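Note: the block below is query_32.cif and it holds mmCIF, C-alpha atoms.
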```cif
data_query
#
loop_
_atom_site.label_atom_id
_atom_site.label_comp_id
_atom_site.auth_asym_id
_atom_site.auth_seq_id
_atom_site.Cartn_x
_atom_site.Cartn_y
_atom_site.Cartn_z
CA MET A 1159 7.83 17.01 5.12
CA ALA A 1160 4.30 18.02 4.64
CA ARG A 1161 2.61 16.16 1.86
CA ALA A 1162 0.35 18.01 -0.52
CA THR A 1163 -3.27 17.41 0.40
CA LYS A 1164 -5.89 18.80 -1.93
CA MET A 1165 -9.62 18.84 -1.71
CA LYS A 1166 -12.31 19.55 -4.24
CA ILE A 1167 -16.05 19.80 -3.75
CA LYS A 1168 -18.63 19.55 -6.50
CA ALA A 1169 -22.37 19.21 -6.57
CA GLU A 1170 -23.41 15.78 -7.82
CA GLY A 1171 -26.68 13.91 -7.55
CA ASP A 1172 -28.46 14.62 -4.27
CA GLY A 1173 -25.41 15.97 -2.53
CA HIS A 1174 -21.89 17.20 -2.86
CA VAL A 1175 -19.00 14.95 -3.74
CA VAL A 1176 -15.83 15.66 -1.80
CA LEU A 1177 -12.65 14.43 -3.42
CA CYS A 1178 -9.40 14.32 -1.52
CA LEU A 1179 -6.03 13.81 -3.16
CA VAL A 1180 -2.85 13.24 -1.16
CA SER A 1181 0.66 12.96 -2.61
CA HIS A 1182 1.70 9.79 -0.88
CA PRO A 1183 3.75 6.76 -2.05
CA MET A 1184 1.44 4.12 -0.50
CA GLU A 1185 4.29 1.59 -0.31
CA THR A 1186 3.11 -1.96 0.28
CA GLY A 1187 6.28 -3.24 1.91
CA ARG A 1188 6.49 -5.89 -0.83
CA ARG A 1189 8.30 -3.87 -3.47
CA LYS A 1190 12.06 -4.10 -3.90
CA ASP A 1191 14.24 -1.10 -4.50
CA SER A 1192 15.62 -1.50 -8.04
CA LYS A 1193 19.10 -0.28 -7.01
CA THR A 1194 19.74 -1.91 -3.67
CA GLY A 1195 17.46 -4.92 -4.07
CA GLU A 1196 16.14 -4.36 -0.60
CA LEU A 1197 12.49 -4.25 0.31
CA VAL A 1198 11.06 -0.78 0.54
CA PRO A 1199 9.38 -0.50 3.93
CA ALA A 1200 5.60 -0.18 4.01
CA HIS A 1201 4.42 3.40 4.09
CA PHE A 1202 0.74 4.03 3.59
CA ILE A 1203 -2.15 6.17 4.75
CA LYS A 1204 -4.36 4.38 7.24
CA GLU A 1205 -7.13 6.73 8.13
CA MET A 1206 -8.81 9.65 6.47
CA VAL A 1207 -11.48 11.48 8.43
CA PHE A 1208 -13.92 13.82 6.71
CA SER A 1209 -15.71 16.54 8.65
CA HIS A 1210 -18.57 18.78 7.60
CA ASN A 1211 -18.82 22.01 9.62
CA GLY A 1212 -16.64 20.43 12.28
CA GLN A 1213 -18.80 17.31 12.58
CA GLN A 1214 -17.25 14.03 11.50
CA VAL A 1215 -19.28 12.46 8.72
CA ALA A 1216 -17.12 9.66 7.38
CA GLN A 1217 -13.89 7.82 7.99
CA ALA A 1218 -12.05 6.00 5.25
CA ASN A 1219 -9.75 3.16 6.25
CA LEU A 1220 -7.01 2.62 3.70
CA GLY A 1221 -4.58 -0.22 3.30
CA THR A 1222 -1.68 -1.00 1.04
CA GLY A 1223 -4.14 -1.98 -1.69
CA VAL A 1224 -5.03 1.63 -2.35
CA SER A 1225 -3.12 3.21 -5.24
CA LYS A 1226 -0.28 5.64 -4.90
CA ASN A 1227 -1.42 9.26 -4.48
CA PRO A 1228 -4.83 8.18 -3.19
CA LEU A 1229 -7.90 9.95 -4.52
CA ILE A 1230 -10.75 9.30 -2.16
CA GLY A 1231 -14.30 10.49 -2.70
CA ILE A 1232 -17.31 10.67 -0.43
CA GLN A 1233 -20.67 12.37 -0.78
CA LEU A 1234 -22.11 14.88 1.67
CA LYS A 1235 -25.77 15.24 2.44
CA GLY A 1236 -27.36 18.68 2.73
CA ALA A 1237 -24.25 20.77 2.25
CA LYS A 1238 -24.92 24.44 1.73
CA SER A 1239 -22.91 27.21 0.19
CA GLY A 1240 -20.34 28.49 2.69
CA ASP A 1241 -20.12 25.24 4.68
CA THR A 1242 -16.63 24.15 5.57
CA VAL A 1243 -15.45 20.66 4.79
CA SER A 1244 -12.18 19.32 6.12
CA VAL A 1245 -10.18 16.15 5.86
CA ALA A 1246 -7.41 14.84 8.11
CA TRP A 1247 -5.24 11.81 7.40
CA THR A 1248 -2.62 9.81 9.26
CA ASP A 1249 -0.28 7.14 7.94
CA ASN A 1250 1.48 4.14 9.43
CA THR A 1251 4.62 6.09 10.25
CA GLY A 1252 2.73 8.76 12.17
CA GLU A 1253 2.79 11.35 9.42
CA SER A 1254 -0.36 13.36 9.03
CA GLY A 1255 -1.90 16.05 6.93
CA SER A 1256 -5.11 17.94 6.41
CA ALA A 1257 -7.00 20.19 4.07
CA GLU A 1258 -10.04 22.39 4.27
CA ALA A 1259 -12.38 23.82 1.67
CA THR A 1260 -15.59 25.77 1.48
CA VAL A 1261 -18.66 24.68 -0.43
CA SER A 1262 -19.14 27.16 -3.25
CA MET B 992 9.23 23.62 46.73
CA LYS B 993 10.11 21.07 44.14
CA ARG B 994 8.39 18.45 46.23
CA ARG B 995 5.20 20.47 46.10
CA VAL B 996 5.29 20.81 42.39
CA PHE B 997 5.87 17.11 42.13
CA LEU B 998 2.95 16.34 44.42
CA ARG B 999 0.65 18.63 42.53
CA GLY B 1000 1.71 17.00 39.32
CA THR B 1001 0.92 13.50 40.54
CA LEU B 1002 -2.39 14.62 41.97
CA ALA B 1003 -3.48 16.21 38.71
CA GLY B 1004 -2.31 13.13 36.86
CA GLY B 1005 -4.35 10.94 39.17
CA VAL B 1006 -7.49 12.95 38.58
CA LEU B 1007 -6.97 12.67 34.86
CA VAL B 1008 -6.65 8.90 35.00
CA VAL B 1009 -9.83 8.62 37.09
CA ALA B 1010 -11.70 10.89 34.70
CA ALA B 1011 -10.54 8.88 31.71
CA GLY B 1012 -11.48 5.66 33.46
CA ALA B 1013 -14.97 6.95 34.16
CA GLY B 1014 -15.41 7.78 30.51
CA LEU B 1015 -15.52 11.50 31.17
CA LEU B 1016 -12.72 12.10 28.75
CA ARG B 1017 -14.24 10.32 25.85
CA PRO B 1018 -12.32 10.94 22.67
CA VAL B 1019 -13.98 13.49 20.44
CA ARG B 1020 -14.26 10.95 17.64
CA VAL B 1021 -17.78 9.91 16.93
CA LEU B 1022 -16.79 7.24 14.48
CA ALA B 1023 -16.34 4.18 16.51
CA SER B 1024 -13.47 2.19 15.34
CA SER B 1025 -9.80 2.67 14.87
CA TRP B 1026 -8.02 1.24 11.84
CA PRO B 1027 -9.20 -2.39 11.47
CA VAL B 1028 -5.82 -4.15 11.63
CA ALA B 1029 -7.17 -7.70 11.49
CA ALA B 1030 -9.22 -7.04 8.35
CA PHE B 1031 -6.32 -5.45 6.49
CA GLU B 1032 -3.93 -8.25 7.43
CA SER B 1033 -6.26 -11.07 6.39
CA GLU B 1034 -5.15 -13.18 3.48
CA THR B 1035 -8.58 -14.36 2.37
CA PRO B 1036 -11.67 -12.28 1.62
CA GLN B 1037 -13.74 -14.24 4.15
CA GLU B 1038 -11.35 -13.57 7.00
CA GLY B 1039 -11.17 -9.91 6.12
CA LEU B 1040 -14.95 -9.57 6.06
CA SER B 1041 -15.40 -11.47 9.30
CA ALA B 1042 -12.80 -9.31 10.98
CA TYR B 1043 -14.44 -6.13 9.79
CA PHE B 1044 -18.16 -6.81 9.71
CA GLY B 1045 -18.30 -9.79 12.07
CA THR B 1046 -19.73 -11.92 9.26
CA SER B 1047 -18.78 -12.85 5.72
CA GLU B 1048 -22.31 -13.77 4.68
CA ALA B 1049 -23.89 -11.23 2.41
CA GLN B 1050 -26.90 -11.15 0.16
CA ASP B 1051 -26.72 -9.91 -3.38
CA SER B 1052 -28.33 -6.55 -3.71
CA ASP B 1053 -29.44 -4.38 -6.59
CA GLY B 1054 -29.30 -1.38 -4.27
CA ILE B 1055 -25.58 -1.09 -4.82
CA THR B 1056 -23.92 0.16 -7.97
CA LEU B 1057 -20.28 -0.58 -8.55
CA LYS B 1058 -18.78 1.54 -11.28
CA ALA B 1059 -15.46 0.19 -12.45
CA PRO B 1060 -13.79 -0.52 -15.78
CA LEU B 1061 -14.30 -3.98 -17.30
CA GLN B 1062 -10.66 -4.02 -18.18
CA ALA B 1063 -7.82 -2.20 -16.48
CA GLU B 1064 -4.61 -1.74 -18.40
CA ASN B 1065 -2.68 -0.73 -15.35
CA GLY B 1066 -3.39 -2.73 -12.23
CA ALA B 1067 -1.65 -0.12 -10.11
CA VAL B 1068 -4.47 2.34 -10.61
CA VAL B 1069 -7.99 0.99 -11.00
CA PRO B 1070 -10.71 3.54 -10.30
CA VAL B 1071 -13.79 2.18 -8.55
CA LYS B 1072 -16.89 3.99 -7.43
CA VAL B 1073 -19.62 2.64 -5.20
CA GLU B 1074 -23.06 4.14 -4.81
CA THR B 1075 -25.87 2.68 -2.80
CA THR B 1076 -29.53 3.44 -2.38
CA LEU B 1077 -29.84 1.13 0.62
CA PRO B 1078 -31.29 2.89 3.67
CA GLU B 1079 -28.90 4.20 6.29
CA PRO B 1080 -25.67 2.66 5.08
CA GLU B 1081 -23.18 2.26 7.94
CA ALA B 1082 -20.09 1.05 6.18
CA ILE B 1083 -18.78 0.25 2.72
CA ALA B 1084 -15.91 -2.14 2.03
CA ILE B 1085 -14.05 -3.00 -1.16
CA VAL B 1086 -12.52 -6.44 -1.50
CA VAL B 1087 -10.38 -7.79 -4.35
CA ASP B 1088 -10.47 -11.61 -4.26
CA LYS B 1089 -7.06 -12.30 -5.74
CA ASN B 1090 -4.98 -9.59 -4.10
CA PRO B 1091 -2.39 -10.81 -1.58
CA LEU B 1092 -4.31 -8.80 0.99
CA PRO B 1093 -7.89 -8.84 -0.32
CA PHE B 1094 -9.38 -6.29 2.08
CA VAL B 1095 -8.48 -3.11 0.23
CA THR B 1096 -10.36 -0.28 1.85
CA SER B 1097 -13.47 0.63 3.77
CA LEU B 1098 -15.50 3.71 4.57
CA GLU B 1099 -17.44 4.25 7.75
CA LEU B 1100 -20.37 6.58 7.42
CA ALA B 1101 -21.76 8.91 10.05
CA GLY B 1102 -24.02 11.23 8.13
CA ALA B 1103 -22.42 11.12 4.70
CA LEU B 1104 -24.33 9.54 1.82
CA GLY B 1105 -23.73 6.00 0.55
CA TYR B 1106 -21.00 6.89 -1.86
CA TYR B 1107 -17.35 5.96 -1.98
CA SER B 1108 -14.75 6.30 -4.68
CA ALA B 1109 -11.12 5.27 -4.62
CA ARG B 1110 -8.32 4.08 -6.87
CA ILE B 1111 -7.14 0.61 -5.98
CA LYS B 1112 -4.29 -1.75 -6.87
CA MET B 1113 -4.95 -5.13 -8.45
CA LEU B 1114 -2.44 -7.91 -8.83
CA GLU B 1115 -4.31 -9.80 -11.53
CA THR B 1116 -7.72 -10.27 -13.11
CA SER B 1117 -10.14 -10.79 -10.26
CA GLN B 1118 -13.61 -10.35 -8.90
CA VAL B 1119 -13.92 -7.02 -7.19
CA ARG B 1120 -16.56 -7.07 -4.52
CA CYS B 1121 -18.28 -4.31 -2.75
CA TYR B 1122 -20.03 -4.79 0.56
CA VAL B 1123 -22.43 -2.40 2.21
CA LYS B 1124 -23.70 -2.75 5.74
CA SER B 1125 -27.21 -1.43 6.08
CA GLY B 1126 -29.90 -2.23 8.62
CA GLY B 1127 -27.65 -4.70 10.42
CA LYS B 1128 -27.23 -6.79 7.28
CA LEU B 1129 -24.48 -7.16 4.76
CA HIS B 1130 -25.25 -6.53 1.11
CA HIS B 1131 -22.98 -7.33 -1.74
CA VAL B 1132 -22.29 -6.77 -5.42
CA ALA B 1133 -19.40 -8.03 -7.55
CA GLN B 1134 -17.79 -7.39 -10.90
CA GLU B 1135 -14.85 -8.95 -12.65
CA ILE B 1136 -12.10 -6.57 -13.69
CA LYS B 1137 -9.55 -7.83 -16.19
CA VAL B 1138 -6.03 -6.68 -15.51
CA THR B 1139 -3.39 -6.55 -18.23
CA VAL B 1140 -0.44 -5.51 -16.07
CA GLY B 1141 -0.62 -6.21 -12.37
CA GLY B 1142 0.18 -3.53 -9.91
CA CYS B 1143 0.78 -4.78 -6.43
CA GLY B 1144 4.46 -3.92 -6.54
CA GLY B 1145 6.58 -6.97 -7.20
#
```
Let me see the file written as structure tokens.
Amino acid sequence: MARATKMKIKAEGDGHVVLCLVSHPMETGRRKDSKTGELVPAHFIKEMVFSHNGQQVAQANLGTGVSKNPLIGIQLKGAKSGDTVSVAWTDNTGESGSAEATVS
Amino acid sequence: MKRRVFLRGTLAGGVLVVAAGAGLLRPVRVLASSWPVAAFESETPQEGLSAYFGTSEAQDSDGITLKAPLQAENGAVVPVKVETTLPEPEAIAIVVDKNPLPFVTSLELAGALGYYSARIKMLETSQVRCYVKSGGKLHHVAQEIKVTVGGCGG
């Protein structure tokens, strides 16, 4: 199942802030299922790579300490109108997703 | 016929292995590291930092701003934002002292500005530390965040 991955770009300070939101449970592997009492297996995003016009500019490493539905923000330098920004993530079970947006 | 196909297959495979070995098939990734397993599995902040940065010694810096609430009602979602004016920041890491796994997240920079925002989980009231690697040195800033209801899933 593809997970919703959204991206938003806004001008802020000296650059553009890129926010990425993924619908993901970010299970720690420590939580117990309230019905069965069994531990819910860990399921979390590990890597999130941001690219600006196809060039990688930042990589976020996430662990189980990042909240559910992670909202991750970075800031681009020298982005111009029409530039493409993309993000690609992978989690510990091999699931992945991506999103792309254009600087307005 | 089949034998030929097989032979060709092995030959091509062999060439590929040699090319990879010689570094000709370098992965496209420019950002060096893969997911830092050791840092994320560390149970103390020091171990996590050593595993990630190679050192846990950092100097306090006023070139880093950590924007976070003084008090978080819900420890499951604590927004933090880091901005730094330090020259050429290479990596940013966020560490929560009292979390079961203190190394929460990190960002490796390759052209992006020194900025990182995320929402993190906190088990209880704790110092939240932010580390920035710049110019081969580790810089640090900390803030205590009070947590009313912990959120590390228990």
Each residue of segment 1168-1255 of chain A lying at most 10 Å from segment 1130-1143 of chain B should get a row with its shortest atom-to-atom pair and the distance in Å to one decimal, counting only C-alpha atoms; could you produce that, ordered by chain and increasing number, as CSV?
```
residue,atom,partner,partner_atom,distance
A:Glu1185,CA,B:Cys1143,CA,9.5
A:Thr1186,CA,B:Cys1143,CA,7.6
A:Arg1188,CA,B:Cys1143,CA,8.1
A:Arg1189,CA,B:Cys1143,CA,8.1
A:Thr1222,CA,B:Cys1143,CA,8.7
A:Gly1223,CA,B:Cys1143,CA,7.4
A:Val1224,CA,B:Cys1143,CA,9.6
A:Ser1225,CA,B:Gly1142,CA,8.8
```
I need the residues from that last selection saved to file as a PDB file, keeping the file's coordinate frame (with C-alpha atoms), if you can.
```pdb
ATOM      1  CA  GLU A1185       4.290   1.590  -0.310  1.00  0.00           C
ATOM      2  CA  THR A1186       3.110  -1.960   0.280  1.00  0.00           C
ATOM      3  CA  ARG A1188       6.490  -5.890  -0.830  1.00  0.00           C
ATOM      4  CA  ARG A1189       8.300  -3.870  -3.470  1.00  0.00           C
ATOM      5  CA  THR A1222      -1.680  -1.000   1.040  1.00  0.00           C
ATOM      6  CA  GLY A1223      -4.140  -1.980  -1.690  1.00  0.00           C
ATOM      7  CA  VAL A1224      -5.030   1.630  -2.350  1.00  0.00           C
ATOM      8  CA  SER A1225      -3.120   3.210  -5.240  1.00  0.00           C
TER       9      SER A1225
END
```
For a quick test of understanding: name the residues of chain A lying within 8 Å of chain B when counting all atoms listed in the file, and present them as a ChimeraX atom specification. /A:1173,1186,1188-1190,1204-1205,1214-1226,1228-1235
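Proximity of A:Met1184, A:Val1245, A:Ala1237, A:Leu1197 to Asp1172 of chain A, computed with all atoms listed in the file, is greatest for A:Ala1237.
Between atom CA of Ala1160 of chain A and atom CA of Thr1194 of chain A the interatomic distance comes to 26.5 Å.
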Taken to one decimal, the atom CA of Asp1088 of chain B-atom CA of Ser1033 of chain B distance is 11.5 Å
Among B:Gln1062, B:Gln1037, B:Val1119, B:Ala1029, Ala1049 of chain B is approached most closely, using only C-alpha atoms, by B:Gln1037
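The space between atom CA of Phe1208 of chain A and atom CA of Val1243 of chain A spans 7.3 Å.
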Checklist entry - Quick one: which residues end up in the PyMOL selection byres ((chain A and resi 1165) around 10) for this structure, as a ChimeraX atom specification? => result /A:1163-1164,1166-1167,1176-1180,1229-1231,1243-1245,1256-1260
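Selection result for the displayed file, with the PyMOL selection byres ((chain A and resi 1251) around 9) as criterion, is Ala1200, His1201, Phe1202, Ile1203, Thr1248, Asp1249, Asn1250, Gly1252, Glu1253 and Ser1254 of chain A.
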The residue from B:Lys1058, B:Pro1036, B:Lys1089, B:Asp1051 with the smallest atom-to-atom distance to Val1123 of chain B, counting all atoms listed in the file, is B:Asp1051
Can you list what the PyMOL selection byres ((chain A and resi 1240) around 7) grabs from this structure, as number ranges by chain?
A: 1238-1239, 1241-1242, 1260-1262
